[in-house]
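Peer 1: I have a structure I would like to understand better, so I am pasting it below and will then ask my questions one at a time.
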Amino acid sequence: MMKDWSKKIWFILINDKEEGPYSATDLRSHPHVTPDTLARKSEKARWRPIREIDELKELFDDSEEGISFPSPSSSEEPPSDELTIPLQEAPPPLRLWLLIIIAVLFYVILTLLWH
């Protein structure tokens with residue numbers, strides 16, 4: 001039977017604060033989660049390191065027998081706390097700036113000579 005890694009049923013303890021629920025896929029990609037991170041499934045369960053939880057210990061197994069996560073679909077939105085930096089367009093090439101400067105100088109010179 002294949003495990004469902006997308007169910008958000010896991011809670012973790014980061015800096016003495018409970019976070020979650022997370023799916024196993026979320027835990028795998030979380031920047032602060034390690035095999036020693038404390039996790040539990042419900043409030044009644046006790047906190048245990050991920051490496052000791054049978055359902056999660058495969059998360060950090062990079063061997064060929066380890067689990068494989070599905071690739072995220074493009075329809076998923078990034079987490080709200082993710083930093084996004086808008087990229088600017090490349091500046092115009094130097095030739096364009098030179099052309100603009102020459103045109104402005106030409107206009108100024110013609111304006112001065114015309115009066």
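Residues in the structure tokens are numbered from 1 in each chain, the chains being A, B, ... in the order shown, and ligands are numbered from 1 in the order shown.
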I want to know what sits within 9 Å of A:Leu27, based on only C-alpha atoms, with residues of the same chain fewer than 4 positions away left out; could you give that as a PyMOL selection string?

Peer 2: chain A and resi 10+12+22-23+31-34+59

Peer 1: Set the distance at 12 Å and use only C-alpha atoms: which residues neighbour A:Glu18 once local chain neighbours fewer than 2 positions away are removed? I'd like the list as a PDB file with N, CA and C atoms, in the first residue's frame.

Peer 2:
ATOM      1  N   TRP A  10       0.913  16.322  10.518  1.00  0.00           N
ATOM      2  CA  TRP A  10       2.080  16.336  11.393  1.00  0.00           C
ATOM      3  C   TRP A  10       2.321  17.711  11.984  1.00  0.00           C
ATOM      4  N   PHE A  11       2.666  17.714  13.266  1.00  0.00           N
ATOM      5  CA  PHE A  11       3.024  18.931  13.980  1.00  0.00           C
ATOM      6  C   PHE A  11       4.488  18.817  14.369  1.00  0.00           C
ATOM      7  N   ILE A  12       5.202  19.934  14.315  1.00  0.00           N
ATOM      8  CA  ILE A  12       6.621  19.930  14.674  1.00  0.00           C
ATOM      9  C   ILE A  12       6.878  21.000  15.732  1.00  0.00           C
ATOM     10  N   LEU A  13       7.992  20.847  16.418  1.00  0.00           N
ATOM     11  CA  LEU A  13       8.394  21.796  17.444  1.00  0.00           C
ATOM     12  C   LEU A  13       9.647  22.510  16.949  1.00  0.00           C
ATOM     13  N   ILE A  14       9.503  23.811  16.654  1.00  0.00           N
ATOM     14  CA  ILE A  14      10.626  24.621  16.184  1.00  0.00           C
ATOM     15  C   ILE A  14      10.787  25.786  17.155  1.00  0.00           C
ATOM     16  N   ASN A  15      11.983  25.924  17.725  1.00  0.00           N
ATOM     17  CA  ASN A  15      12.257  26.993  18.703  1.00  0.00           C
ATOM     18  C   ASN A  15      11.209  27.023  19.806  1.00  0.00           C
ATOM     19  N   ASP A  16      10.866  25.856  20.317  1.00  0.00           N
ATOM     20  CA  ASP A  16       9.896  25.693  21.410  1.00  0.00           C
ATOM     21  C   ASP A  16       8.490  26.162  21.046  1.00  0.00           C
ATOM     22  N   GLY A  20       2.318  23.701  12.505  1.00  0.00           N
ATOM     23  CA  GLY A  20       1.637  22.665  11.741  1.00  0.00           C
ATOM     24  C   GLY A  20       0.172  22.943  11.633  1.00  0.00           C
ATOM     25  N   PRO A  21      -0.556  22.080  11.025  1.00  0.00           N
ATOM     26  CA  PRO A  21      -0.134  20.761  10.543  1.00  0.00           C
ATOM     27  C   PRO A  21       0.604  20.847   9.201  1.00  0.00           C
ATOM     28  N   TYR A  22       1.507  19.894   9.007  1.00  0.00           N
ATOM     29  CA  TYR A  22       2.286  19.767   7.784  1.00  0.00           C
ATOM     30  C   TYR A  22       2.077  18.377   7.201  1.00  0.00           C
ATOM     31  N   THR A  37      14.402  16.873  14.564  1.00  0.00           N
ATOM     32  CA  THR A  37      13.271  17.747  14.874  1.00  0.00           C
ATOM     33  C   THR A  37      12.178  16.932  15.559  1.00  0.00           C
ATOM     34  N   LEU A  38      11.615  17.486  16.625  1.00  0.00           N
ATOM     35  CA  LEU A  38      10.547  16.802  17.352  1.00  0.00           C
ATOM     36  C   LEU A  38       9.230  16.945  16.592  1.00  0.00           C
ATOM     37  N   ALA A  39       8.512  15.835  16.477  1.00  0.00           N
ATOM     38  CA  ALA A  39       7.246  15.838  15.731  1.00  0.00           C
ATOM     39  C   ALA A  39       6.242  14.937  16.435  1.00  0.00           C
ATOM     40  N   ARG A  40       4.975  15.162  16.109  1.00  0.00           N
ATOM     41  CA  ARG A  40       3.908  14.287  16.592  1.00  0.00           C
ATOM     42  C   ARG A  40       2.719  14.438  15.650  1.00  0.00           C
ATOM     43  N   LYS A  41       1.815  13.428  15.760  1.00  0.00           N
ATOM     44  CA  LYS A  41       0.657  13.384  14.882  1.00  0.00           C
ATOM     45  C   LYS A  41      -0.555  14.068  15.498  1.00  0.00           C
ATOM     46  N   SER A  42      -0.687  14.003  16.793  1.00  0.00           N
ATOM     47  CA  SER A  42      -1.844  14.590  17.466  1.00  0.00           C
ATOM     48  C   SER A  42      -1.424  15.129  18.821  1.00  0.00           C
ATOM     49  N   GLU A  43      -2.332  15.849  19.459  1.00  0.00           N
ATOM     50  CA  GLU A  43      -2.015  16.421  20.773  1.00  0.00           C
ATOM     51  C   GLU A  43      -1.774  15.350  21.827  1.00  0.00           C
ATOM     52  N   TRP A  47       6.060  14.068  21.873  1.00  0.00           N
ATOM     53  CA  TRP A  47       7.033  14.579  20.922  1.00  0.00           C
ATOM     54  C   TRP A  47       8.177  13.580  20.777  1.00  0.00           C
TER      55      TRP A  47
END

Peer 1: Find the spatial neighbours of A:Asp26, counting only C-alpha atoms, within a cut-off of 9 Å - ignore same-chain residues fewer than 3 positions away - and output them as a list in words.

Peer 2: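 Those residues are Trp5, Ser6, Lys8, Tyr22, Ser23, Ser29 and His30 of chain A.
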
Peer 1: Would you mind exporting the chosen residues as an mmCIF file, in the first residue's frame, restricted to N, CA and C atoms?

Peer 2:
data_model
loop_
_atom_site.group_PDB
_atom_site.id
_atom_site.type_symbol
_atom_site.label_atom_id
_atom_site.label_comp_id
_atom_site.auth_asym_id
_atom_site.auth_seq_id
_atom_site.Cartn_x
_atom_site.Cartn_y
_atom_site.Cartn_z
ATOM 1 N N TRP A 5 1.666 10.989 1.243
ATOM 2 C CA TRP A 5 2.596 11.959 1.812
ATOM 3 C C TRP A 5 2.034 13.378 1.807
ATOM 4 N N SER A 6 0.822 13.563 1.252
ATOM 5 C CA SER A 6 0.273 14.912 1.139
ATOM 6 C C SER A 6 -0.688 15.290 2.267
ATOM 7 N N LYS A 8 -1.923 16.613 5.621
ATOM 8 C CA LYS A 8 -1.362 17.550 6.605
ATOM 9 C C LYS A 8 -1.779 17.114 8.011
ATOM 10 N N TYR A 22 1.507 19.894 9.007
ATOM 11 C CA TYR A 22 2.286 19.767 7.784
ATOM 12 C C TYR A 22 2.077 18.377 7.201
ATOM 13 N N SER A 23 2.285 18.286 5.902
ATOM 14 C CA SER A 23 2.321 16.968 5.262
ATOM 15 C C SER A 23 3.774 16.480 5.324
ATOM 16 N N SER A 29 10.694 19.456 2.789
ATOM 17 C CA SER A 29 11.217 20.686 2.182
ATOM 18 C C SER A 29 11.338 21.849 3.170
ATOM 19 N N HIS A 30 10.898 21.660 4.419
ATOM 20 C CA HIS A 30 10.964 22.725 5.424
ATOM 21 C C HIS A 30 12.433 23.008 5.755
#

Peer 1: Which distance in Å separates atom CA of A:Pro49 and atom CA of A:Pro35, to one decimal?

Peer 2: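 It comes out at 6.5 Å.
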
Peer 1: Quick one, how far is atom CA of A:Glu52 from atom CA of A:Ala24?

Peer 2: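 Distance reported for this atom pair: 14.5 Å.
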
Peer 1: In Å, rounded to a single decimal, give me how far atom CA of A:Lys7 is from atom CA of A:Leu56.

Peer 2: 12.5 Å
